Amino acid sequence: MDPGELCATRRAEQKAAAATAAAAKAQPATVHTSPPIASLPPLEKGATVDALDLVNHYRSEAAAAARRYENGPIHVRGEVVRFEKTPFLRHYVMYLRGPDAEWKVAARVYPPESYAAVFPARGGEELVATTSAGARFVIARLGENVVLRGRCKGARDRTVWLGDATLLGRAE
């Protein structure tokens, strides 16, 4: 890729990131009532947690949420509201809707080795992957419900973080 193409690509990525950030800020509050964390049975291995419940539990009882969710891998289901892809790094960050514009779930996702590249497309509305054979396909879209598997790293700056995450697919 020549320097002119590289600059154009970076400008397009920055424009896409700004558009998705503006869309996330415009996000209306979501009415969702989560059960009190103390009333829940122990979290079973492989159980899926709704992103809204995860955020609400950290907002209301951070210590109890940390004990419940930070012990092992969890599956989180939620609506994609933003993608972030840093050039030259393999991972990307996928943000899931929280109960309001300020709170969210952020997952640092590592794509499978079979993907040669992952990048935002269509003005940041889609996350696209390419393979080494040149095949190109959409792996997620804004507004789509997905399931991620990762390790909960706790909450900071109004964001619940998942590390070492994998995109398992679209939620039903």
# chains A, B, ... in the order shown; residues from 1 in each chain; ligands from 1
$ select_by_dssp --residues "region 30-124 of chain A" --states "strand (DSSP E)" --output "PyMOL selection string"
chain A and resi 48-50+73-84+92-97+104-109+115-121
$ residues_around --residues "Asp53 (chain A)" --least-positions-apart "4" --cutoff "7 Å" --atoms "only C-alpha atoms" --output "PyMOL selection string"
chain A and resi 34+49+57
$ residues_around --residues "Asp50 (chain A)" --least-positions-apart "3" --cutoff "7 Å" --atoms "only C-alpha atoms" --output "list of chain:residue names"
A:Asp53, A:Leu54, A:Val76, A:Arg77, A:Gly78
$ residues_around --residues "Met94 (chain A)" --least-positions-apart "3" --cutoff "9 Å" --atoms "only C-alpha atoms" --output "list in words"
Val80, Val81, Arg82, Phe83, Glu84, Lys85, Val105, Ala106, Ala107, Arg108 and Val109 of chain A
$ closest_residue --among "A:Glu70, A:Glu125, A:Glu144, A:Glu113" --to "Trp161 (chain A)" --atoms "only C-alpha atoms"
A:Glu70
$ closest_residue --among "A:Ile37, A:Val93, A:Val147, A:Ala51" --to "Arg68 (chain A)" --atoms "only C-alpha atoms"
A:Ile37
$ select_by_dssp --residues "chain A" --states "helix (DSSP H, G or I)" --output "MDAnalysis selection string"
chainID A and resid 3:25 37:39 51:60 62:69
